[in-house]
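J.: What follows is run.cif, made up of mmCIF, C-alpha atoms:
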data_data
#
loop_
_atom_site.label_atom_id
_atom_site.label_comp_id
_atom_site.auth_asym_id
_atom_site.auth_seq_id
_atom_site.Cartn_x
_atom_site.Cartn_y
_atom_site.Cartn_z
CA MET A 455 92.99 187.83 81.73
CA ALA A 456 89.70 189.41 80.59
CA ASP A 457 90.09 190.47 76.98
CA THR A 458 86.73 191.17 75.47
CA ALA A 459 88.21 191.89 72.06
CA ASP A 460 89.63 188.39 71.62
CA PRO A 461 87.01 186.03 70.13
CA ILE A 462 88.86 182.88 71.23
CA ARG A 463 89.12 183.91 74.90
CA GLN A 464 85.54 185.20 74.72
CA ALA A 465 84.27 181.82 73.50
CA ILE A 466 86.28 179.92 76.13
CA GLN A 467 84.94 182.14 78.92
CA GLN A 468 81.36 181.68 77.71
CA LEU A 469 81.56 177.89 77.28
CA ARG A 470 83.04 177.61 80.81
CA ARG A 471 79.65 178.77 82.14
CA LEU A 472 78.11 175.45 81.05
CA PRO A 473 77.86 172.81 83.81
CA GLY A 474 80.64 170.22 83.74
CA ILE A 475 82.79 172.23 81.34
CA GLY A 476 85.98 173.66 82.84
CA GLU A 477 88.59 175.88 81.23
CA LYS A 478 90.47 173.02 79.56
CA SER A 479 87.31 171.44 78.11
CA ALA A 480 86.12 174.84 76.91
CA ALA A 481 89.46 175.49 75.18
CA ARG A 482 89.31 172.03 73.57
CA LEU A 483 85.80 172.72 72.22
CA VAL A 484 86.75 176.16 70.91
CA TYR A 485 89.82 174.89 69.05
CA TRP A 486 87.77 171.99 67.68
CA LEU A 487 85.22 174.53 66.40
CA LEU A 488 87.99 176.59 64.78
CA ARG A 489 89.08 173.52 62.80
CA ALA A 490 85.52 172.29 62.11
CA PRO A 491 83.87 172.70 58.69
CA ASP A 492 82.67 176.22 57.86
CA GLY A 493 79.36 177.06 59.46
CA THR A 494 79.61 174.58 62.36
CA ALA A 495 80.01 177.27 65.04
CA THR A 496 77.30 179.35 63.38
CA ASP A 497 74.86 176.42 63.24
CA ILE A 498 75.39 175.69 66.93
CA ALA A 499 75.11 179.38 67.81
CA THR A 500 71.85 179.68 65.88
CA ALA A 501 70.37 176.65 67.65
CA LEU A 502 71.32 178.06 71.08
CA GLN A 503 69.83 181.41 70.13
CA GLY A 504 66.59 179.60 69.32
CA LEU A 505 66.34 178.41 72.92
CA GLY A 506 65.77 181.94 74.15
CA ALA A 507 62.48 182.93 72.57
CA GLY A 508 60.70 179.91 71.18
CA VAL A 509 60.36 177.61 74.21
CA GLN A 510 57.17 177.35 76.27
CA GLU A 511 55.27 174.81 78.36
CA CYS A 512 52.74 172.57 76.58
CA SER A 513 49.30 173.61 77.81
CA SER A 514 48.35 169.97 78.20
CA CYS A 515 51.35 168.02 79.56
CA CYS A 516 53.56 170.93 80.75
CA ASP A 517 56.59 169.57 78.85
CA LEU A 518 58.88 172.24 77.39
CA THR A 519 58.20 172.61 73.67
CA GLY A 520 58.68 174.89 70.70
CA ALA A 521 55.02 174.62 69.67
CA ASP A 522 51.88 174.20 71.79
CA PRO A 523 50.62 171.45 71.95
CA CYS A 524 53.91 169.52 72.04
CA ARG A 525 54.78 166.73 69.58
CA VAL A 526 53.50 163.96 71.82
CA CYS A 527 50.21 165.66 72.73
CA ALA A 528 49.64 166.61 69.07
CA ASN A 529 50.22 163.02 67.91
CA GLN A 530 46.84 161.34 67.34
CA GLN A 531 48.50 157.91 67.26
CA ARG A 532 49.39 158.10 70.95
CA ASP A 533 47.22 156.33 73.53
CA THR A 534 45.27 159.01 75.45
CA THR A 535 44.15 156.62 78.22
CA THR A 536 47.58 156.35 79.87
CA VAL A 537 49.52 159.26 81.39
CA LEU A 538 53.12 158.84 82.52
CA VAL A 539 54.11 161.38 85.17
CA VAL A 540 57.76 162.48 85.31
CA GLU A 541 59.75 165.09 87.20
CA HIS A 542 61.69 166.74 84.35
CA PRO A 543 61.41 167.34 80.60
CA GLN A 544 64.63 165.35 80.04
CA ASP A 545 62.85 162.30 81.55
CA VAL A 546 60.41 162.46 78.61
CA ILE A 547 63.35 162.25 76.22
CA ALA A 548 64.67 159.20 78.14
CA PHE A 549 61.31 157.39 77.84
CA GLU A 550 60.94 158.28 74.17
CA ARG A 551 64.39 156.82 73.65
CA SER A 552 63.28 153.50 75.21
CA GLY A 553 60.46 153.27 72.65
CA GLU A 554 58.36 151.34 75.16
CA PHE A 555 55.72 153.94 75.96
CA ARG A 556 52.97 154.96 73.55
CA GLY A 557 50.78 157.06 75.87
CA ARG A 558 51.00 160.68 76.96
CA TYR A 559 53.24 162.39 79.53
CA HIS A 560 52.84 164.86 82.34
CA VAL A 561 55.84 166.87 83.50
CA LEU A 562 55.78 168.04 87.14
CA HIS A 563 58.93 170.21 86.84
CA GLY A 564 60.37 168.87 90.08
CA ALA A 565 59.54 166.71 93.08
CA ILE A 566 58.15 167.54 96.51
CA SER A 567 60.99 168.66 98.79
CA PRO A 568 59.83 170.79 101.73
CA LEU A 569 63.43 171.46 102.83
CA ASP A 570 64.11 173.12 99.45
CA GLY A 571 60.79 174.97 99.57
CA ILE A 572 59.29 172.79 96.82
CA THR A 573 55.71 172.19 97.92
CA PRO A 574 53.06 170.58 95.68
CA ASP A 575 51.73 173.99 94.58
CA LYS A 576 55.16 174.70 93.02
CA LEU A 577 54.74 171.66 90.75
CA ARG A 578 52.31 171.06 87.86
CA VAL A 579 49.98 169.00 90.11
CA ARG A 580 46.87 171.14 89.59
CA GLN A 581 47.26 170.79 85.80
CA LEU A 582 47.58 167.00 86.16
CA LEU A 583 44.41 166.72 88.23
CA GLU A 584 42.53 168.87 85.69
CA ARG A 585 43.59 166.50 82.90
CA LEU A 586 42.39 163.50 84.90
CA ARG A 587 38.91 164.90 85.65
CA GLY A 588 37.62 163.95 82.18
CA ASP A 589 36.89 160.22 81.71
CA THR A 590 39.60 159.61 79.11
CA VAL A 591 42.49 158.59 81.33
CA LYS A 592 42.36 155.02 82.68
CA GLU A 593 45.86 154.72 84.15
CA VAL A 594 48.47 157.03 85.62
CA ILE A 595 52.04 155.69 85.76
CA LEU A 596 54.14 157.50 88.35
CA ALA A 597 57.73 157.69 87.06
CA THR A 598 59.25 160.09 89.54
CA ASP A 599 62.89 159.41 90.48
CA PRO A 600 63.52 156.49 92.91
CA ASP A 601 64.75 158.74 95.72
CA ALA A 602 63.17 160.26 98.84
CA GLU A 603 61.64 163.25 97.00
CA GLY A 604 60.41 161.13 94.09
CA ASP A 605 58.84 158.51 96.37
CA THR A 606 57.17 161.23 98.46
CA THR A 607 55.77 162.82 95.33
CA ALA A 608 54.49 159.46 94.03
CA LEU A 609 52.70 158.66 97.31
CA TYR A 610 51.24 162.17 97.44
CA LEU A 611 49.90 161.90 93.88
CA ALA A 612 48.60 158.36 94.42
CA ARG A 613 46.53 159.59 97.35
CA LEU A 614 45.08 162.44 95.24
CA ILE A 615 44.33 160.32 92.16
CA ASP A 616 42.89 157.26 93.92
CA PRO A 617 39.47 158.87 94.64
CA LEU A 618 39.06 159.61 90.90
CA GLY A 619 38.79 155.86 90.21
CA ILE A 620 41.87 155.85 87.99
CA LYS A 621 44.43 153.05 88.20
CA VAL A 622 47.73 154.30 89.67
CA THR A 623 50.98 152.42 89.04
CA ARG A 624 54.62 153.10 89.88
CA LEU A 625 57.65 152.14 87.79
CA ALA A 626 58.99 148.69 88.69
CA HIS A 627 62.36 148.18 90.32
CA GLY A 628 64.02 147.65 86.98
CA ILE A 629 65.94 150.84 87.52
CA SER A 630 68.59 150.64 90.20
CA VAL A 631 68.04 152.65 93.37
CA GLY A 632 69.89 155.95 93.23
CA THR A 633 69.83 156.24 89.43
CA GLU A 634 68.27 159.38 88.07
CA ILE A 635 65.81 158.56 85.28
CA GLU A 636 67.52 161.04 82.99
CA TYR A 637 70.65 158.87 83.01
CA ALA A 638 69.05 155.41 83.02
CA ASP A 639 69.80 153.19 80.02
CA ALA A 640 67.02 152.50 77.52
CA LEU A 641 66.73 148.77 78.28
CA SER A 642 66.33 149.23 82.04
CA LEU A 643 63.68 151.86 81.43
CA ALA A 644 61.81 149.50 79.09
CA ARG A 645 61.92 146.70 81.73
CA ALA A 646 60.80 149.08 84.43
CA LEU A 647 57.78 150.00 82.34
CA GLN A 648 56.85 146.38 81.57
CA ASN A 649 57.04 145.39 85.25
CA ARG A 650 55.18 148.35 86.67
CA VAL A 651 53.12 147.48 89.75
CA ALA A 652 49.81 148.81 91.11
CA LEU A 653 50.32 151.09 94.11
CA ARG A 654 46.95 150.19 95.69
CA MET B 1021 63.58 162.07 65.19
CA ALA B 1022 64.56 165.08 63.05
CA ASP B 1023 62.19 167.93 63.87
CA THR B 1024 63.64 171.19 62.64
CA ALA B 1025 60.76 173.22 64.09
CA ASP B 1026 61.51 172.20 67.69
CA PRO B 1027 64.15 174.49 69.23
CA ILE B 1028 64.97 172.05 72.06
CA ARG B 1029 65.65 169.10 69.74
CA GLN B 1030 67.50 171.44 67.38
CA ALA B 1031 69.82 172.59 70.15
CA ILE B 1032 70.42 169.02 71.36
CA GLN B 1033 71.27 167.84 67.84
CA GLN B 1034 73.68 170.76 67.35
CA LEU B 1035 75.47 170.37 70.70
CA ARG B 1036 75.90 166.63 69.98
CA ARG B 1037 78.26 167.60 67.16
CA LEU B 1038 80.83 168.80 69.71
CA PRO B 1039 83.55 166.26 70.60
CA GLY B 1040 82.92 164.35 73.83
CA ILE B 1041 79.28 165.44 74.05
CA GLY B 1042 76.72 162.68 73.48
CA GLU B 1043 72.94 162.90 73.34
CA LYS B 1044 72.47 162.75 77.12
CA SER B 1045 75.10 165.40 77.83
CA ALA B 1046 73.65 167.61 75.11
CA ALA B 1047 70.16 167.29 76.61
CA ARG B 1048 71.54 168.08 80.07
CA LEU B 1049 73.23 171.26 78.73
CA VAL B 1050 70.11 172.38 76.86
CA TYR B 1051 67.81 171.98 79.86
CA TRP B 1052 70.39 173.74 82.02
CA LEU B 1053 70.37 176.63 79.53
CA LEU B 1054 66.56 176.76 79.61
CA ARG B 1055 66.69 177.24 83.38
CA ALA B 1056 69.71 179.59 83.32
CA PRO B 1057 69.38 183.37 83.79
CA ASP B 1058 68.01 185.30 80.81
CA GLY B 1059 70.61 185.97 78.17
CA THR B 1060 72.93 183.06 79.04
CA ALA B 1061 72.20 181.10 75.86
CA THR B 1062 72.37 184.31 73.81
CA ASP B 1063 75.75 185.28 75.32
CA ILE B 1064 77.19 181.87 74.54
CA ALA B 1065 75.69 181.92 71.04
CA THR B 1066 77.18 185.36 70.35
CA ALA B 1067 80.62 184.22 71.49
CA LEU B 1068 80.47 181.14 69.23
CA GLN B 1069 79.33 183.28 66.33
CA GLY B 1070 82.42 185.45 66.90
CA LEU B 1071 84.64 182.44 66.23
CA GLY B 1072 83.57 182.33 62.60
CA ALA B 1073 84.80 185.59 61.17
CA GLY B 1074 87.29 187.23 63.52
CA VAL B 1075 89.93 184.53 63.98
CA GLN B 1076 93.19 184.51 62.02
CA GLU B 1077 96.80 183.41 62.42
CA CYS B 1078 99.26 185.86 63.99
CA SER B 1079 101.66 186.91 61.22
CA SER B 1080 104.59 186.49 63.62
CA CYS B 1081 103.97 183.41 65.83
CA CYS B 1082 101.15 181.72 63.83
CA ASP B 1083 98.97 181.39 66.98
CA LEU B 1084 95.25 181.81 66.36
CA THR B 1085 94.15 185.29 67.40
CA GLY B 1086 91.39 187.85 67.03
CA ALA B 1087 93.86 190.65 66.23
CA ASP B 1088 97.19 190.56 64.39
CA PRO B 1089 99.74 190.63 66.04
CA CYS B 1090 98.45 188.44 68.88
CA ARG B 1091 98.46 189.54 72.55
CA VAL B 1092 101.80 187.91 73.31
CA CYS B 1093 103.61 189.24 70.22
CA ALA B 1094 102.13 192.73 70.82
CA ASN B 1095 103.31 192.75 74.45
CA GLN B 1096 106.53 194.79 74.68
CA GLN B 1097 107.20 193.34 78.17
CA ARG B 1098 107.84 189.86 76.77
CA ASP B 1099 111.37 188.63 76.20
CA THR B 1100 112.01 188.57 72.44
CA THR B 1101 115.21 186.50 72.69
CA THR B 1102 113.45 183.22 73.58
CA VAL B 1103 110.96 181.39 71.35
CA LEU B 1104 108.98 178.42 72.67
CA VAL B 1105 107.80 176.14 69.85
CA VAL B 1106 104.53 174.22 70.39
CA GLU B 1107 102.30 172.04 68.24
CA HIS B 1108 98.89 173.59 68.94
CA PRO B 1109 97.36 176.94 69.99
CA GLN B 1110 95.94 175.29 73.12
CA ASP B 1111 99.53 174.51 74.21
CA VAL B 1112 100.13 178.27 74.38
CA ILE B 1113 97.19 178.57 76.79
CA ALA B 1114 98.67 175.78 78.95
CA PHE B 1115 102.06 177.55 79.16
CA GLU B 1116 100.43 180.93 79.87
CA ARG B 1117 98.52 179.24 82.70
CA SER B 1118 101.78 177.98 84.20
CA GLY B 1119 103.03 181.60 84.38
CA GLU B 1120 106.59 180.32 84.01
CA PHE B 1121 107.40 181.56 80.50
CA ARG B 1122 107.93 185.23 79.63
CA GLY B 1123 109.22 184.86 76.05
CA ARG B 1124 107.41 184.46 72.74
CA TYR B 1125 105.76 181.42 71.14
CA HIS B 1126 105.71 179.76 67.75
CA VAL B 1127 102.78 177.50 66.85
CA LEU B 1128 103.49 174.77 64.30
CA HIS B 1129 99.84 173.67 63.94
CA GLY B 1130 100.73 169.99 64.17
CA ALA B 1131 103.68 167.60 64.26
CA ILE B 1132 105.47 165.68 61.54
CA SER B 1133 103.60 162.46 60.78
CA PRO B 1134 104.31 161.06 57.32
CA LEU B 1135 101.69 158.30 57.74
CA ASP B 1136 99.01 160.99 58.16
CA GLY B 1137 100.44 163.00 55.30
CA ILE B 1138 101.76 165.71 57.63
CA THR B 1139 105.15 166.65 56.17
CA PRO B 1140 107.20 169.68 57.38
CA ASP B 1141 105.82 171.88 54.59
CA LYS B 1142 102.32 171.41 56.08
CA LEU B 1143 103.54 172.98 59.35
CA ARG B 1144 104.61 176.57 60.11
CA VAL B 1145 108.32 175.65 59.85
CA ARG B 1146 109.18 178.13 57.11
CA GLN B 1147 107.71 180.97 59.20
CA LEU B 1148 109.76 179.85 62.23
CA LEU B 1149 113.01 179.86 60.27
CA GLU B 1150 112.22 183.33 58.89
CA ARG B 1151 111.77 184.62 62.45
CA LEU B 1152 115.10 183.13 63.48
CA ARG B 1153 117.11 184.67 60.62
CA GLY B 1154 117.32 188.03 62.40
CA ASP B 1155 119.79 188.19 65.31
CA THR B 1156 117.19 188.75 68.04
CA VAL B 1157 116.49 185.16 69.07
CA LYS B 1158 119.11 183.53 71.30
CA GLU B 1159 117.26 180.34 72.34
CA VAL B 1160 114.55 178.09 70.89
CA ILE B 1161 112.78 175.79 73.34
CA LEU B 1162 111.15 172.83 71.59
CA ALA B 1163 107.95 171.97 73.46
CA THR B 1164 106.37 169.53 71.05
CA ASP B 1165 104.46 166.63 72.61
CA PRO B 1166 106.53 163.79 74.14
CA ASP B 1167 105.36 161.19 71.60
CA ALA B 1168 106.80 159.75 68.37
CA GLU B 1169 105.55 162.63 66.17
CA GLY B 1170 106.58 165.32 68.65
CA ASP B 1171 110.05 163.82 69.11
CA THR B 1172 110.53 163.51 65.34
CA THR B 1173 109.50 167.14 64.87
CA ALA B 1174 111.85 168.32 67.63
CA LEU B 1175 114.82 166.45 66.10
CA TYR B 1176 113.97 167.78 62.63
CA LEU B 1177 113.78 171.39 63.89
CA ALA B 1178 116.95 171.04 65.98
CA ARG B 1179 118.86 169.98 62.85
CA LEU B 1180 117.53 173.00 60.91
CA ILE B 1181 118.15 175.55 63.68
CA ASP B 1182 121.59 174.37 64.78
CA PRO B 1183 123.46 175.93 61.78
CA LEU B 1184 121.95 179.34 62.67
CA GLY B 1185 124.05 179.42 65.85
CA ILE B 1186 120.96 179.57 68.09
CA LYS B 1187 120.75 177.53 71.30
CA VAL B 1188 118.15 174.73 70.99
CA THR B 1189 116.63 173.11 74.09
CA ARG B 1190 113.86 170.56 74.66
CA LEU B 1191 111.40 170.45 77.57
CA ALA B 1192 112.50 168.17 80.40
CA HIS B 1193 110.49 164.95 80.59
CA GLY B 1194 109.83 163.15 83.83
CA ILE B 1195 107.10 162.39 86.28
CA SER B 1196 104.59 165.18 86.69
CA VAL B 1197 104.42 167.08 89.95
CA GLY B 1198 101.99 165.39 92.34
CA THR B 1199 102.23 162.00 90.64
CA GLU B 1200 102.91 159.12 93.00
CA ILE B 1201 105.74 156.97 91.65
CA GLU B 1202 103.57 153.89 92.12
CA TYR B 1203 101.15 155.21 89.51
CA ALA B 1204 103.60 156.84 87.09
CA ASP B 1205 103.74 155.24 83.63
CA ALA B 1206 106.86 153.32 82.71
CA LEU B 1207 107.96 155.66 79.93
CA SER B 1208 107.79 158.76 82.14
CA LEU B 1209 109.73 156.96 84.87
CA ALA B 1210 112.42 155.97 82.37
CA ARG B 1211 112.70 159.57 81.16
CA ALA B 1212 112.77 160.84 84.75
CA LEU B 1213 115.71 158.54 85.47
CA GLN B 1214 117.57 159.50 82.29
CA ASN B 1215 117.14 163.22 83.01
CA ARG B 1216 117.89 163.03 86.74
CA VAL B 1217 119.52 166.16 88.18
CA ALA B 1218 122.19 166.46 90.87
CA LEU B 1219 120.78 167.73 94.15
CA ARG B 1220 124.06 169.48 95.06
#
Would you write out, as C-alpha cells, the structure that this file holds?

T.:
Amino acid sequence: MADTADPIRQAIQQLRRLPGIGEKSAARLVYWLLRAPDGTATDIATALQGLGAGVQECSSCCDLTGADPCRVCANQQRDTTTVLVVEHPQDVIAFERSGEFRGRYHVLHGAISPLDGITPDKLRVRQLLERLRGDTVKEVILATDPDAEGDTTALYLARLIDPLGIKVTRLAHGISVGTEIEYADALSLARALQNRVALR
Amino acid sequence: MADTADPIRQAIQQLRRLPGIGEKSAARLVYWLLRAPDGTATDIATALQGLGAGVQECSSCCDLTGADPCRVCANQQRDTTTVLVVEHPQDVIAFERSGEFRGRYHVLHGAISPLDGITPDKLRVRQLLERLRGDTVKEVILATDPDAEGDTTALYLARLIDPLGIKVTRLAHGISVGTEIEYADALSLARALQNRVALR
C-alpha cells in the first residue's frame, strides 16, 4: 500500500495521523482539496508549517503564542487585577469566545494527576505565584476542568494563594459536570463566570 | 479576530476551511500538532503541498494520480477485460479496499444531473467510449451511486455501450452486510427483495 511517489496517497496517509481522522475522512479531505480553489492546499500547508518554529510560551501567562508577550498580556485595555487560571491554551480560546472575561489568563498546561506523574512542579504553578507576588492582582479565578484532577488542582492552588491575601474564586456550576471547558458552549461559560463563588 | 502574525490563530483559521471541521475541531487539531513529535506538522504540510502540482488525470481511466498512467492502469497483473465505472476517485479507493475487484476502473468525475448543469459532456463519457472501441473489454460494470443521478447515468451509459456488443452489468443493491433488517432503510429493503437470489 505504501507508495511514496503518489501525492494523493501521501496526503491521505499524513492526514490520517491527525486525531479523529480515519482513512475515509482523510480521503474525503484530500479529494475536497483537489477540487478546492487554487492555493487552498498551499495556504493550509503554509499555516501548518508556521506551527513548527514560531510558537513559544508567553513569559507572563504561559499561553502558547507566536509573539511574547501574547495578545492578551500585550493588550493595555485588559484588566490586570484579575487572573483566570486554566489548564490548557484551548481553554483561553473558549473564554475569549464567550466575550465575558476582560482580565488576564494563566495557563497551567495540565492539572495535578499523581497517577499520571503530573505533580505541581510539572505545571506552571511557580510562574503563577511569581505573578501574584506583586500587589496588582486582586482576584484569581480558578477555571480548571470540573473533574477530579481539576478540582484537586483548584484546591491546591487556593491553599497556596490564600496566604497572599488575594481573593480566590472558582467557576460556578453553570458548566455541567463532566464537560471539558474546551468544548463548553459560549453561553454556559459566560454564566459560569457571572456566578463564580468565593472558595473561602 | 484576524491576526495574521499569530501562527496558532493562522493555523486554526486555515484548518476551518476544510469540510466538516469547525473552529473547535480546528483548535483541537492545532494544539494536538503543537504537542506532537517534532516534524509532524511539517510532514503533513509537505504532503498537502504535494497535492498542488503533482496531481493529474490518468490518460486511460481518468482517475486522479501522481503519475500517468495511474497505479492500476500500469499494473500488468490487472484484468484488462473488465472495466468498473465509478463517479468519483474516492470510489476507486473504496473498491480497492474491498479487495474484490481485479480489473480496471473508469472515473466519470460526477453523475448526470441536468438541474445542476451536469450533462454527459461534462463527464468522462467520451474517454470511456474510446477505451471500449478496441476489442479488449468484455464487460463494463456500472458502479455509479444508487441514487437518481447515479441511476440515470447508468441507464444512459448502458444505452451507449450496448451497441458495442459489450456486456453491461450494474452493482447489486440490497442491505449492506452487518445491517440488521430492523434498521435497514425502506429503499434498500425493496431493492434487496427485488434482487433476491435463489439459495439452491

J.: Per residue of chain B within 6 Å of chain A, which atom pair is closest and at what distance in Å (one decimal), using only C-alpha atoms, listed by chain and increasing number, as a tab-separated table?

T.:
residue	atom	partner	partner_atom	distance
B:Asp1026	CA	A:Gly520	CA	4.9
B:Pro1027	CA	A:Gly504	CA	5.7
B:Gln1030	CA	A:Ala501	CA	6.0
B:Ala1031	CA	A:Ala501	CA	4.8
B:Gln1034	CA	A:Ile498	CA	5.2
B:Ala1061	CA	A:Leu502	CA	5.7
B:Thr1062	CA	A:Gln503	CA	5.3
B:Ile1064	CA	A:Gln468	CA	5.2
B:Ala1065	CA	A:Ala499	CA	4.1
B:Ala1067	CA	A:Ala465	CA	4.8
B:Leu1068	CA	A:Ala495	CA	5.7
B:Gln1069	CA	A:Thr496	CA	5.3
B:Gly1070	CA	A:Pro461	CA	5.6
B:Leu1071	CA	A:Pro461	CA	5.8
B:Gly1086	CA	A:Asp460	CA	4.9

J.: With C-alpha atoms kept, could you save the residues just selected as a compact mmCIF listing (two decimals), in the coordinates of the input?

T.:
# COMPACT_ATOMS: atom_id res chain seq x y z
CA ASP B 1026 61.51 172.20 67.69
CA PRO B 1027 64.15 174.49 69.23
CA GLN B 1030 67.50 171.44 67.38
CA ALA B 1031 69.82 172.59 70.15
CA GLN B 1034 73.68 170.76 67.35
CA ALA B 1061 72.20 181.10 75.86
CA THR B 1062 72.37 184.31 73.81
CA ILE B 1064 77.19 181.87 74.54
CA ALA B 1065 75.69 181.92 71.04
CA ALA B 1067 80.62 184.22 71.49
CA LEU B 1068 80.47 181.14 69.23
CA GLN B 1069 79.33 183.28 66.33
CA GLY B 1070 82.42 185.45 66.90
CA LEU B 1071 84.64 182.44 66.23
CA GLY B 1086 91.39 187.85 67.03

J.: Any chance you could work out the residue set of the PyMOL selection byres ((chain B and resi 1104) around 8) here, as a ChimeraX atom specification?

T.: /B:1102-1103,1105-1106,1123-1126,1160-1163

J.: So, counting all atoms listed in the file, which residue among A:Asn649, A:Cys516, A:Thr633, A:Ser642 is closest to Phe549 in chain A?

T.: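 Under the stated criterion, the closest residue is A:Ser642.
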
J.: By how many Å are CA of Asp533 in chain A and CA of Glu550 in chain A apart?

T.: 13.9 Å

J.: Grab the CA of Ile615 in chain A to CA of Leu586 in chain A distance for me, in Å with one decimal place.

T.: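 The value is 8.2 Å.
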
J.: Determine, counting only C-alpha atoms, which protein, DNA and RNA residues have an atom within 9 Å of an atom of range 599-611 of chain A; residues of the same chain fewer than 3 positions away are not included. Present the result as an mmCIF file with C-alpha atoms, keeping the file's coordinate frame.

T.:
data_model
loop_
_atom_site.group_PDB
_atom_site.id
_atom_site.type_symbol
_atom_site.label_atom_id
_atom_site.label_comp_id
_atom_site.auth_asym_id
_atom_site.auth_seq_id
_atom_site.Cartn_x
_atom_site.Cartn_y
_atom_site.Cartn_z
ATOM 1 C CA VAL A 540 57.760 162.480 85.310
ATOM 2 C CA GLU A 541 59.750 165.090 87.200
ATOM 3 C CA GLY A 564 60.370 168.870 90.080
ATOM 4 C CA ALA A 565 59.540 166.710 93.080
ATOM 5 C CA ILE A 566 58.150 167.540 96.510
ATOM 6 C CA SER A 567 60.990 168.660 98.790
ATOM 7 C CA PRO A 574 53.060 170.580 95.680
ATOM 8 C CA VAL A 579 49.980 169.000 90.110
ATOM 9 C CA LEU A 596 54.140 157.500 88.350
ATOM 10 C CA LEU A 614 45.080 162.440 95.240
ATOM 11 C CA ILE A 615 44.330 160.320 92.160
ATOM 12 C CA ASP A 616 42.890 157.260 93.920
ATOM 13 C CA VAL A 622 47.730 154.300 89.670
ATOM 14 C CA ARG A 624 54.620 153.100 89.880
ATOM 15 C CA LEU A 625 57.650 152.140 87.790
ATOM 16 C CA HIS A 627 62.360 148.180 90.320
ATOM 17 C CA ILE A 629 65.940 150.840 87.520
ATOM 18 C CA SER A 630 68.590 150.640 90.200
ATOM 19 C CA VAL A 631 68.040 152.650 93.370
ATOM 20 C CA GLY A 632 69.890 155.950 93.230
ATOM 21 C CA THR A 633 69.830 156.240 89.430
ATOM 22 C CA GLU A 634 68.270 159.380 88.070
ATOM 23 C CA ILE A 635 65.810 158.560 85.280
ATOM 24 C CA GLU A 636 67.520 161.040 82.990
ATOM 25 C CA LEU A 653 50.320 151.090 94.110
#

J.: Counting all atoms listed in the file, what is within 9 Å of Gln648 in chain A, bar same-chain residues fewer than 5 positions away, as an mmCIF file with C-alpha atoms, in the frame of the given file?

T.:
data_model
loop_
_atom_site.group_PDB
_atom_site.id
_atom_site.type_symbol
_atom_site.label_atom_id
_atom_site.label_comp_id
_atom_site.auth_asym_id
_atom_site.auth_seq_id
_atom_site.Cartn_x
_atom_site.Cartn_y
_atom_site.Cartn_z
ATOM 1 C CA GLU A 554 58.360 151.340 75.160
ATOM 2 C CA LEU A 625 57.650 152.140 87.790
ATOM 3 C CA ALA A 626 58.990 148.690 88.690
ATOM 4 C CA LEU A 643 63.680 151.860 81.430
#

J.: CA of Leu1148 in chain B to CA of Cys1078 in chain B: how many Å, to one decimal?

T.: 12.2 Å

J.: Could you give me the axis-aligned bounding box of range 1129-1141 of chain B, with 8 Å of padding per side, as centre plus edge lengths in Å to one decimal, as lines of an AutoDock Vina configuration file?

T.:
center_x = 103.1
center_y = 166.0
center_z = 59.4
size_x = 24.2
size_y = 31.4
size_z = 25.7

J.: Considering all atoms listed in the file, can you say which of B:Gly1185, B:Gly1194, B:Pro1089, B:Val1157 comes closest to Arg1216 in chain B?

T.: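 Among B:Gly1185, B:Gly1194, B:Pro1089, B:Val1157, it is B:Gly1194 that comes nearest to Arg1216 in chain B.
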